[in-house]
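Engineer: What follows is upload_29.txt, compact mmCIF, C-alpha atoms.
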```
# COMPACT_ATOMS: atom_id res chain seq x y z
CA MET A 20 1.12 -2.45 -20.59
CA LYS A 21 0.43 -5.90 -22.10
CA MET A 22 0.94 -8.47 -19.39
CA ARG A 23 0.44 -12.21 -19.31
CA LYS A 24 -2.76 -12.94 -17.40
CA LEU A 25 -4.32 -16.01 -15.80
CA SER A 26 -6.50 -16.43 -18.87
CA ASP A 27 -3.36 -16.77 -21.03
CA LEU A 28 -2.25 -19.93 -19.17
CA PRO A 29 -3.15 -23.45 -20.36
CA ASN A 30 -5.43 -25.81 -18.38
CA LEU A 31 -4.15 -25.88 -14.78
CA ASP A 32 -6.03 -29.02 -13.68
CA GLY A 33 -3.63 -31.13 -11.61
CA LYS A 34 -0.77 -28.67 -12.19
CA ARG A 35 1.33 -27.23 -9.36
CA VAL A 36 1.04 -23.45 -9.24
CA VAL A 37 3.29 -21.28 -7.07
CA ILE A 38 1.55 -17.99 -6.25
CA ARG A 39 3.38 -14.99 -4.78
CA CYS A 40 0.87 -13.27 -2.53
CA ASP A 41 1.31 -10.36 -0.15
CA LEU A 42 0.19 -11.74 3.22
CA ASN A 43 2.24 -9.10 5.05
CA VAL A 44 -0.41 -8.29 7.66
CA PRO A 45 0.02 -6.43 10.96
CA LEU A 46 0.14 -8.75 13.98
CA ASP A 47 -0.42 -8.21 17.69
CA GLY A 48 1.40 -11.33 18.90
CA THR A 49 -0.32 -13.96 16.77
CA ARG A 50 -3.55 -11.96 16.34
CA ILE A 51 -4.04 -10.35 12.92
CA THR A 52 -5.18 -6.73 13.40
CA ASP A 53 -6.02 -6.08 9.71
CA ASP A 54 -6.60 -9.00 7.31
CA GLY A 55 -7.16 -6.79 4.24
CA ARG A 56 -4.22 -8.17 2.29
CA ILE A 57 -5.25 -11.79 2.94
CA VAL A 58 -8.81 -11.02 1.84
CA ALA A 59 -7.41 -9.40 -1.34
CA SER A 60 -5.42 -12.54 -2.20
CA VAL A 61 -8.44 -14.88 -1.99
CA PRO A 62 -9.99 -14.41 -5.49
CA THR A 63 -6.89 -15.61 -7.38
CA ILE A 64 -6.27 -18.53 -5.00
CA LYS A 65 -9.94 -19.52 -5.27
CA TYR A 66 -9.71 -19.34 -9.07
CA LEU A 67 -6.73 -21.73 -9.00
CA VAL A 68 -8.48 -24.09 -6.55
CA ASP A 69 -11.57 -24.17 -8.77
CA GLN A 70 -9.34 -25.02 -11.75
CA GLY A 71 -8.08 -28.08 -9.86
CA ALA A 72 -4.56 -26.72 -9.43
CA LYS A 73 -2.26 -27.69 -6.55
CA VAL A 74 -1.63 -24.28 -4.98
CA VAL A 75 1.64 -23.32 -3.26
CA VAL A 76 1.33 -19.90 -1.59
CA ILE A 77 4.50 -17.92 -0.85
CA SER A 78 4.81 -14.56 0.87
CA HIS A 79 6.89 -12.46 3.25
CA LEU A 80 5.82 -10.88 6.54
CA GLY A 81 7.63 -7.99 8.21
CA ARG A 82 11.37 -7.50 8.05
CA PRO A 83 13.15 -10.44 9.66
CA GLU A 84 16.92 -10.29 9.24
CA GLY A 85 17.20 -13.13 6.71
CA ALA A 86 16.82 -15.80 9.40
CA PRO A 87 13.85 -17.54 11.09
CA ASP A 88 12.14 -15.39 13.72
CA ALA A 89 8.96 -16.73 15.35
CA LYS A 90 7.29 -13.32 15.61
CA TYR A 91 7.29 -13.04 11.80
CA SER A 92 5.83 -16.48 11.12
CA LEU A 93 3.15 -16.74 8.44
CA GLU A 94 1.25 -19.37 10.43
CA PRO A 95 -1.51 -16.95 11.61
CA ALA A 96 -1.94 -15.76 8.00
CA ALA A 97 -2.21 -19.36 6.76
CA LYS A 98 -4.89 -20.07 9.37
CA ARG A 99 -6.89 -16.99 8.35
CA LEU A 100 -6.54 -17.89 4.66
CA GLY A 101 -8.08 -21.30 5.39
CA GLU A 102 -11.04 -19.62 7.12
CA LEU A 103 -11.59 -17.27 4.17
CA LEU A 104 -11.29 -20.06 1.59
CA GLY A 105 -13.49 -22.38 3.64
CA GLN A 106 -11.07 -25.28 3.24
CA PRO A 107 -8.03 -26.71 5.04
CA VAL A 108 -4.79 -24.86 4.29
CA PHE A 109 -1.62 -26.69 5.26
CA PHE A 110 1.27 -24.67 6.70
CA ALA A 111 4.90 -25.70 6.12
CA SER A 112 7.27 -24.47 8.82
CA ASP A 113 10.11 -23.90 6.35
CA THR A 114 10.33 -22.35 2.88
CA VAL A 115 12.46 -24.65 0.72
CA GLY A 116 13.39 -27.33 3.30
CA SER A 117 12.16 -30.87 3.88
CA GLU A 118 8.79 -29.87 5.36
CA ALA A 119 7.98 -27.61 2.38
CA LYS A 120 9.03 -30.35 -0.05
CA GLY A 121 6.87 -32.92 1.73
CA ALA A 122 3.86 -30.61 1.91
CA VAL A 123 4.03 -29.73 -1.79
CA LYS A 124 4.44 -33.38 -2.74
CA ALA A 125 1.36 -34.32 -0.68
CA LEU A 126 -0.90 -31.69 -2.29
CA ALA A 127 -4.09 -32.99 -3.91
CA ARG A 128 -5.99 -31.27 -6.73
CA GLY A 129 -7.51 -28.06 -5.33
CA GLY A 130 -5.29 -28.27 -2.23
CA VAL A 131 -3.47 -25.28 -0.75
CA VAL A 132 -0.23 -25.01 1.22
CA VAL A 133 1.38 -21.85 2.63
CA LEU A 134 5.18 -21.96 2.96
CA GLU A 135 6.96 -20.14 5.78
CA ASN A 136 8.13 -16.52 5.42
CA LEU A 137 10.33 -16.01 2.33
CA ARG A 138 12.45 -13.47 4.17
CA PHE A 139 13.67 -16.11 6.62
CA ASN A 140 16.06 -16.73 3.70
CA ALA A 141 18.59 -13.93 3.17
CA ALA A 142 18.73 -14.71 -0.57
CA GLU A 143 15.12 -13.48 -1.06
CA THR A 144 16.17 -9.83 -0.68
CA SER A 145 19.86 -10.19 -1.56
CA LYS A 146 21.48 -7.44 -3.65
CA ASP A 147 23.39 -10.23 -5.45
CA ALA A 148 21.36 -11.42 -8.47
CA SER A 149 23.04 -14.84 -8.50
CA GLU A 150 21.96 -15.47 -4.87
CA ARG A 151 18.39 -14.49 -5.73
CA GLU A 152 18.45 -16.74 -8.81
CA ALA A 153 19.63 -19.72 -6.78
CA PHE A 154 16.81 -19.21 -4.25
CA ALA A 155 14.24 -18.71 -7.03
CA ALA A 156 15.42 -21.98 -8.62
CA LYS A 157 14.62 -23.82 -5.38
CA LEU A 158 11.16 -22.24 -5.24
CA ALA A 159 10.62 -23.07 -8.92
CA GLU A 160 11.01 -26.79 -8.13
CA PHE A 161 7.60 -26.57 -6.39
CA GLY A 162 5.66 -25.48 -9.46
CA ASP A 163 4.77 -25.96 -13.10
CA PHE A 164 3.57 -22.35 -13.28
CA PHE A 165 4.08 -19.10 -11.35
CA ILE A 166 1.43 -16.46 -10.58
CA SER A 167 2.54 -13.05 -9.33
CA ASP A 168 -0.23 -11.51 -7.22
CA GLY A 169 1.58 -9.63 -4.43
CA PHE A 170 1.08 -6.08 -5.67
CA GLY A 171 2.71 -4.65 -2.53
CA VAL A 172 6.11 -6.02 -3.62
CA VAL A 173 6.18 -5.56 -7.42
CA HIS A 174 8.42 -2.51 -7.04
CA ARG A 175 11.12 -4.74 -5.50
CA LYS A 176 13.69 -6.82 -7.38
CA GLN A 177 13.40 -9.85 -5.09
CA ALA A 178 13.80 -13.55 -5.79
CA SER A 179 10.11 -14.45 -5.44
CA VAL A 180 8.98 -11.41 -7.44
CA PHE A 181 11.50 -11.06 -10.25
CA GLU A 182 13.75 -14.11 -10.72
CA LEU A 183 10.97 -16.67 -10.04
CA ALA A 184 8.84 -15.09 -12.77
CA LYS A 185 11.68 -15.89 -15.20
CA ALA A 186 12.23 -19.42 -13.89
CA LEU A 187 8.66 -20.66 -14.59
CA PRO A 188 5.91 -19.91 -17.13
CA SER A 189 4.30 -16.94 -15.38
CA ALA A 190 1.36 -14.54 -15.34
CA CYS A 191 -0.18 -11.91 -13.09
CA GLY A 192 -3.09 -12.73 -10.80
CA LEU A 193 -6.50 -11.09 -10.51
CA LEU A 194 -5.41 -8.68 -7.76
CA ILE A 195 -2.53 -7.22 -9.79
CA GLU A 196 -4.86 -6.97 -12.80
CA LYS A 197 -7.37 -4.99 -10.71
CA GLU A 198 -4.71 -2.74 -9.13
CA LEU A 199 -3.28 -1.84 -12.54
CA ASP A 200 -6.70 -1.17 -14.02
CA VAL A 201 -7.50 1.31 -11.24
CA LEU A 202 -4.09 3.01 -11.18
CA THR A 203 -4.08 3.35 -14.96
CA ARG A 204 -7.43 5.15 -14.74
CA LEU A 205 -5.84 7.59 -12.27
CA THR A 206 -2.98 8.42 -14.62
CA SER A 207 -4.44 8.25 -18.13
CA THR A 208 -8.17 9.04 -18.27
CA PRO A 209 -9.44 10.34 -14.92
CA GLU A 210 -13.01 11.60 -14.81
CA ARG A 211 -13.06 15.24 -13.65
CA PRO A 212 -12.93 17.01 -11.30
CA TYR A 213 -9.92 15.00 -10.14
CA ALA A 214 -8.68 15.53 -6.57
CA VAL A 215 -5.57 14.05 -4.97
CA VAL A 216 -5.31 14.09 -1.17
CA LEU A 217 -1.81 13.61 0.24
CA GLY A 218 -0.86 13.23 3.89
CA GLY A 219 1.57 11.25 5.97
CA SER A 220 4.63 12.54 7.68
CA LYS A 221 7.09 13.65 5.00
CA VAL A 222 7.00 15.70 1.81
CA SER A 223 10.15 13.84 0.69
CA ASP A 224 8.16 10.57 0.51
CA LYS A 225 5.70 12.12 -1.96
CA LEU A 226 7.97 14.21 -4.22
CA GLY A 227 7.70 11.86 -7.22
CA VAL A 228 3.93 11.59 -6.94
CA ILE A 229 3.43 15.36 -6.73
CA ASP A 230 5.79 15.85 -9.70
CA HIS A 231 4.02 13.29 -11.86
CA LEU A 232 0.40 14.05 -10.92
CA LEU A 233 0.49 17.85 -10.71
CA PRO A 234 -0.14 18.33 -14.46
CA THR A 235 -3.02 15.80 -14.32
CA VAL A 236 -5.10 16.85 -11.30
CA ASN A 237 -7.57 19.68 -10.72
CA LYS A 238 -7.05 19.94 -6.96
CA LEU A 239 -4.27 18.90 -4.61
CA LEU A 240 -5.20 18.73 -0.92
CA VAL A 241 -2.31 18.49 1.54
CA GLY A 242 -2.56 17.38 5.19
CA GLY A 243 -0.58 15.24 7.63
CA GLY A 244 2.90 16.03 8.88
CA MET A 245 4.00 17.11 5.40
CA VAL A 246 1.73 20.16 5.55
CA PHE A 247 4.07 22.02 7.91
CA THR A 248 6.79 22.19 5.28
CA PHE A 249 4.22 23.74 2.90
CA LEU A 250 3.15 26.22 5.60
CA ALA A 251 6.82 27.10 6.22
CA ALA A 252 7.16 27.65 2.45
CA GLN A 253 4.42 30.29 2.81
CA GLY A 254 6.43 32.00 5.54
CA TYR A 255 4.51 30.72 8.58
CA LYS A 256 6.09 29.50 11.80
CA VAL A 257 5.14 25.92 12.73
CA GLY A 258 6.36 25.54 16.31
CA SER A 259 7.80 22.10 17.03
CA SER A 260 5.75 20.44 14.28
CA LEU A 261 7.42 18.06 11.84
CA LEU A 262 9.40 20.14 9.37
CA GLU A 263 11.72 19.18 6.52
CA VAL A 264 13.79 22.33 6.20
CA ASP A 265 15.58 20.96 3.13
CA GLN A 266 12.23 20.67 1.29
CA ILE A 267 10.93 24.22 1.88
CA GLU A 268 12.25 25.45 -1.49
CA THR A 269 10.74 22.40 -3.21
CA CYS A 270 7.34 23.20 -1.68
CA LYS A 271 7.65 26.81 -2.91
CA GLU A 272 8.33 25.47 -6.41
CA TYR A 273 5.28 23.17 -6.24
CA LEU A 274 3.04 26.04 -5.17
CA SER A 275 4.20 28.25 -8.06
CA ARG A 276 4.03 25.36 -10.58
CA ALA A 277 0.51 24.51 -9.46
CA GLU A 278 -0.53 28.13 -9.95
CA ALA A 279 0.95 28.16 -13.46
CA LEU A 280 -0.89 24.90 -14.29
CA GLY A 281 -4.20 26.14 -12.88
CA VAL A 282 -4.18 23.47 -10.15
CA GLU A 283 -5.73 24.51 -6.86
CA VAL A 284 -3.54 23.55 -3.89
CA ILE A 285 -5.68 23.39 -0.75
CA LEU A 286 -3.81 23.62 2.54
CA PRO A 287 -5.42 23.53 6.00
CA THR A 288 -6.59 26.85 7.42
CA ASP A 289 -6.62 25.53 10.99
CA ILE A 290 -4.51 22.99 12.90
CA VAL A 291 -4.98 20.87 16.03
CA VAL A 292 -1.91 21.78 18.12
CA ALA A 293 -0.80 19.62 21.06
CA SER A 294 1.38 20.27 24.10
CA LYS A 295 3.25 17.01 23.37
CA PHE A 296 2.93 13.77 21.41
CA GLY A 297 0.55 11.43 23.23
CA ALA A 298 -3.05 10.59 24.11
CA ASP A 299 -2.80 12.64 27.31
CA ALA A 300 -1.59 15.83 25.57
CA GLU A 301 -3.41 19.13 26.01
CA VAL A 302 -4.77 20.41 22.68
CA ALA A 303 -5.82 23.70 21.12
CA VAL A 304 -7.11 24.58 17.65
CA THR A 305 -5.28 27.50 16.01
CA ALA A 306 -5.20 29.15 12.60
CA ALA A 307 -2.60 27.48 10.35
CA SER A 308 -0.85 30.85 10.09
CA GLU A 309 -0.77 31.29 13.90
CA ILE A 310 0.49 27.93 15.23
CA GLU A 311 2.93 29.56 17.65
CA SER A 312 0.08 31.66 19.11
CA SER A 313 -1.38 28.55 20.74
CA PRO A 314 -1.03 28.22 24.55
CA PHE A 315 2.05 26.06 23.90
CA GLY A 316 3.95 28.71 21.94
CA SER A 317 6.95 27.53 19.95
CA THR A 318 6.87 24.08 21.61
CA GLY A 319 3.39 23.28 20.22
CA LEU A 320 3.10 20.32 17.86
CA GLY A 321 0.60 20.23 15.00
CA LEU A 322 -0.89 16.70 15.02
CA ASP A 323 -4.00 16.99 12.83
CA ILE A 324 -5.77 19.35 10.46
CA GLY A 325 -8.42 21.40 12.30
CA PRO A 326 -12.21 21.00 12.12
CA GLU A 327 -12.70 23.87 9.64
CA SER A 328 -10.10 22.31 7.30
CA ALA A 329 -11.56 18.81 7.77
CA ALA A 330 -14.97 20.11 6.65
CA ARG A 331 -13.44 21.89 3.63
CA PHE A 332 -11.39 18.84 2.63
CA ALA A 333 -14.46 16.61 2.96
CA ALA A 334 -16.54 18.92 0.75
CA GLU A 335 -13.83 19.03 -1.95
CA VAL A 336 -13.45 15.23 -1.90
CA ALA A 337 -17.19 14.52 -2.04
CA ALA A 338 -17.58 16.90 -5.00
CA ALA A 339 -14.87 15.20 -7.09
CA LYS A 340 -15.45 12.46 -9.68
CA THR A 341 -12.01 10.88 -9.18
CA VAL A 342 -10.12 10.89 -5.88
CA PHE A 343 -6.78 9.34 -4.93
CA TRP A 344 -5.89 9.51 -1.25
CA ASN A 345 -2.54 8.54 0.23
CA GLY A 346 -1.48 9.35 3.78
CA PRO A 347 -3.46 10.22 6.92
CA MET A 348 -4.31 13.82 7.83
CA GLY A 349 -3.03 13.45 11.38
CA VAL A 350 -1.98 10.97 14.07
CA PHE A 351 -5.20 8.96 13.57
CA GLU A 352 -4.17 6.23 16.04
CA ILE A 353 -4.90 8.73 18.84
CA ASP A 354 -8.59 9.66 18.80
CA LYS A 355 -8.17 13.39 19.48
CA PHE A 356 -5.99 13.64 16.35
CA ALA A 357 -8.16 11.41 14.12
CA GLY A 358 -10.77 13.99 13.08
CA GLY A 359 -9.17 15.04 9.80
CA THR A 360 -8.48 11.49 8.63
CA ARG A 361 -12.00 10.37 9.59
CA ALA A 362 -13.58 13.29 7.69
CA VAL A 363 -11.59 12.54 4.51
CA ALA A 364 -12.34 8.81 4.73
CA LYS A 365 -16.07 9.45 5.17
CA ALA A 366 -16.10 11.87 2.22
CA LEU A 367 -14.39 9.24 0.05
CA THR A 368 -17.30 6.88 0.73
CA GLU A 369 -19.64 9.55 -0.74
CA VAL A 370 -17.78 10.10 -4.03
CA ASN A 371 -19.99 9.65 -7.08
CA GLY A 372 -17.17 8.25 -9.20
CA LEU A 373 -13.85 6.50 -8.51
CA SER A 374 -12.47 6.71 -4.96
CA VAL A 375 -9.08 5.11 -4.35
CA VAL A 376 -7.41 4.64 -0.97
CA GLY A 377 -3.71 4.35 -1.76
CA GLY A 378 -2.59 1.54 0.51
CA GLY A 379 -0.21 1.67 3.46
CA ASP A 380 -1.23 3.89 6.40
CA SER A 381 -4.37 5.12 4.61
CA ALA A 382 -5.69 1.57 4.23
CA ALA A 383 -4.91 0.85 7.89
CA ALA A 384 -6.60 4.12 8.92
CA VAL A 385 -9.93 3.47 7.19
CA ARG A 386 -10.20 0.04 8.83
CA ILE A 387 -9.08 1.21 12.28
CA LEU A 388 -11.64 4.05 12.06
CA GLY A 389 -14.39 1.52 11.39
CA PHE A 390 -15.04 1.83 7.65
CA GLU A 391 -15.72 -1.22 5.46
CA ASP A 392 -13.63 -1.95 2.35
CA ASN A 393 -16.72 -2.04 0.14
CA GLN A 394 -17.50 1.61 1.00
CA PHE A 395 -14.61 2.67 -1.28
CA GLY A 396 -14.06 2.19 -4.99
CA HIS A 397 -10.71 0.54 -4.36
CA ILE A 398 -8.29 0.10 -1.46
CA SER A 399 -4.84 -0.55 -2.84
CA THR A 400 -2.75 -3.29 -1.22
CA GLY A 401 0.50 -1.61 -2.22
CA GLY A 402 1.53 1.65 -0.56
CA GLY A 403 5.02 1.97 -2.03
CA ALA A 404 4.15 0.13 -5.26
CA SER A 405 1.08 2.35 -5.85
CA LEU A 406 3.13 5.50 -5.34
CA GLU A 407 5.93 4.33 -7.63
CA PHE A 408 3.41 3.42 -10.34
CA LEU A 409 1.85 6.89 -10.02
CA GLU A 410 5.34 8.41 -10.22
CA GLY A 411 5.66 6.79 -13.66
CA LYS A 412 8.44 4.43 -12.58
CA ASN A 413 9.02 1.00 -14.08
CA LEU A 414 8.23 -1.74 -11.57
CA PRO A 415 10.50 -4.79 -12.02
CA GLY A 416 7.89 -7.26 -10.80
CA LEU A 417 5.51 -6.10 -13.54
CA ASP A 418 8.06 -5.60 -16.33
CA VAL A 419 9.11 -9.26 -16.00
CA LEU A 420 5.51 -10.35 -16.76
CA ASN A 421 5.31 -8.48 -20.09
```
Written as structure tokens, that's how I'd like the structure from this file.

Structural biologist:
Amino acid sequence: MKMRKLSDLPNLDGKRVVIRCDLNVPLDGTRITDDGRIVASVPTIKYLVDQGAKVVVISHLGRPEGAPDAKYSLEPAAKRLGELLGQPVFFASDTVGSEAKGAVKALARGGVVVLENLRFNAAETSKDASEREAFAAKLAEFGDFFISDGFGVVHRKQASVFELAKALPSACGLLIEKELDVLTRLTSTPERPYAVVLGGSKVSDKLGVIDHLLPTVNKLLVGGGMVFTFLAAQGYKVGSSLLEVDQIETCKEYLSRAEALGVEVILPTDIVVASKFGADAEVAVTAASEIESSPFGSTGLGLDIGPESAARFAAEVAAAKTVFWNGPMGVFEIDKFAGGTRAVAKALTEVNGLSVVGGGDSAAAVRILGFEDNQFGHISTGGGASLEFLEGKNLPGLDVLN
């Protein structure tokens, strides 16, 4: 994919550059609980500042209903960005209104302003292309150039991602460049053995990825809530664990396809079963084939892979040369169900090759469990975008930059 890059743009000294970042960070009130996406946006912004550009940062946060909502304000993100850049960052309390216009006009060379949440404007995510175009035209008035660097949104046809890239001379930023480099290595020339670890709650969320990657990988390790549909496909009872009955046949097909392709599918051999969902639940470890033999019978809930499986998964991951991991192995937010996820994360830090944490819940998990970003080859900032890229889909936010 030949995309316009920062290096393709003319001298940006004194020019106004609108940059679409992904500052969509989790908040506890106004406290940022994981600043990974802000940290990831810094290199491109710093590059623009060093060039003497006047930098206008735009982003969304959360899912406000197309109207201002204080709990989704980007102000905390703007404050954190200033700390990371080591310079003042002005925050405009609207997106295309008088405050934004004034703030952009007042920008000096190397100055940075963050505009308020794009999704406070219904046109940003409108299904009507003409509404998106009109909003993009207003945003385009703030810049001479546009940089797309919010990898987490490139799979969306939204005004600030798609139409704005057409309205101004545009290029991708350093983060998108890095994401694509890593994801391309996963799909075209992976060093072997190549292991993919999939977790999370639903098989249906990962169908495209399994389809697309199955012919490429050597080993597929399955954990998380989705594992119970695979266990059901093998004829086992899973108690009250998460089960997608409509995907049992699909899982059977995957297992037989994997066998035909010579891909080893590794499923847990033991499961941490709980009496209920919660930190105060009673737990028991049972064989994956005997979940209903736990003290909780048919009401037992599988909430993590067991210790034997965690050790096996960790050994398989550490022995691989290329690993892509998307989706936790259990309910990692509750410590007694975090063992599987912690074991996989730790093993990823020991890979002698390329280890990729595929964004979303996996990225949140490694940070919550106390790992540092630099312990992994790459932590993707785009859960959905990473998966769609690995499914072989065209991503509108990237296509528009070709």

Engineer: From the options A:Leu80, A:Asp54, A:Ser374, A:Cys40, which residue's atoms come nearest to Lys98 (chain A), counting all atoms listed in the file?

Structural biologist: A:Asp54

Engineer: Set up a box along x, y and z of the file covering all listed atoms of region 71-76 of chain A, add 3 Å on every one of the six sides, and write the centre and edge lengths in Å to one decimal, as lines of an AutoDock Vina configuration file.

Structural biologist:
```
center_x = -3.2
center_y = -24.0
center_z = -5.7
size_x = 15.7
size_y = 14.2
size_z = 14.3
```

Engineer: Neighbours of region 245-259 of chain A within 6 Å (all atoms listed in the file; same-chain residues fewer than 3 positions away dropped), as an mmCIF file with C-alpha atoms, in the frame of the given file?

Structural biologist:
```
data_model
loop_
_atom_site.group_PDB
_atom_site.id
_atom_site.type_symbol
_atom_site.label_atom_id
_atom_site.label_comp_id
_atom_site.auth_asym_id
_atom_site.auth_seq_id
_atom_site.Cartn_x
_atom_site.Cartn_y
_atom_site.Cartn_z
ATOM 1 C CA SER A 220 4.630 12.540 7.680
ATOM 2 C CA LYS A 221 7.090 13.650 5.000
ATOM 3 C CA VAL A 222 7.000 15.700 1.810
ATOM 4 C CA VAL A 241 -2.310 18.490 1.540
ATOM 5 C CA GLY A 242 -2.560 17.380 5.190
ATOM 6 C CA LEU A 262 9.400 20.140 9.370
ATOM 7 C CA GLU A 263 11.720 19.180 6.520
ATOM 8 C CA ILE A 267 10.930 24.220 1.880
ATOM 9 C CA CYS A 270 7.340 23.200 -1.680
ATOM 10 C CA LYS A 271 7.650 26.810 -2.910
ATOM 11 C CA SER A 308 -0.850 30.850 10.090
ATOM 12 C CA ILE A 310 0.490 27.930 15.230
ATOM 13 C CA GLU A 311 2.930 29.560 17.650
ATOM 14 C CA SER A 317 6.950 27.530 19.950
ATOM 15 C CA THR A 318 6.870 24.080 21.610
ATOM 16 C CA GLY A 319 3.390 23.280 20.220
ATOM 17 C CA LEU A 320 3.100 20.320 17.860
#
```

Engineer: Please determine, counting all atoms listed in the file, which residue among A:Glu335, A:Asp147, A:Glu160, A:Glu301 has the shortest atom-to-atom distance to Val115 (chain A).

Structural biologist: A:Glu160

Engineer: Quick one: of A:Ala279, A:Ala127, A:Ala384, A:Leu199, who's nearest to Asp53 (chain A), counting all atoms listed in the file?

Structural biologist: A:Ala384

Engineer: Would you tabulate, counting only C-alpha atoms, all residues of region 178-268 of chain A that have an atom at most 9 Å from an atom of region 26-39 of chain A, showing the closest pair of atoms and their distance in Å to one decimal, sorted by chain then ascending number, as a tab-separated table?

Structural biologist:
```
residue	atom	partner	partner_atom	distance
A:Ser179	CA	A:Arg39	CA	6.8
A:Val180	CA	A:Arg39	CA	7.2
A:Pro188	CA	A:Leu28	CA	8.4
A:Ser189	CA	A:Leu28	CA	8.1
A:Ala190	CA	A:Leu28	CA	7.5
A:Gly192	CA	A:Ile38	CA	8.4
```

Engineer: What's the separation between CA of Asn393 (chain A) and CA of Thr368 (chain A), in Å to one decimal place?

Structural biologist: 9.0 Å

Engineer: Could you check the closest approach to Val336 (chain A) for each of A:Tyr213, A:Phe109, A:Phe181, A:Phe170 and tell me which residue wins, using only C-alpha atoms?

Structural biologist: A:Tyr213

Engineer: Please provide as a PyMOL selection string all residues within 8 Å of Val385 (chain A), with the sequence filter that same-chain residues fewer than 6 positions apart are discarded (counting only C-alpha atoms).

Structural biologist: chain A and resi 361+364+391

Engineer: Provide the CA of Gly401 (chain A) to CA of Gly169 (chain A) distance in Å, to one decimal place.

Structural biologist: 8.4 Å

Engineer: Compare A:Gln106, A:Thr52, A:Thr114, A:Thr305 by their minimum atom-to-atom distance to Lys65 (chain A), counting all atoms listed in the file, and give me the closest one.

Structural biologist: A:Gln106
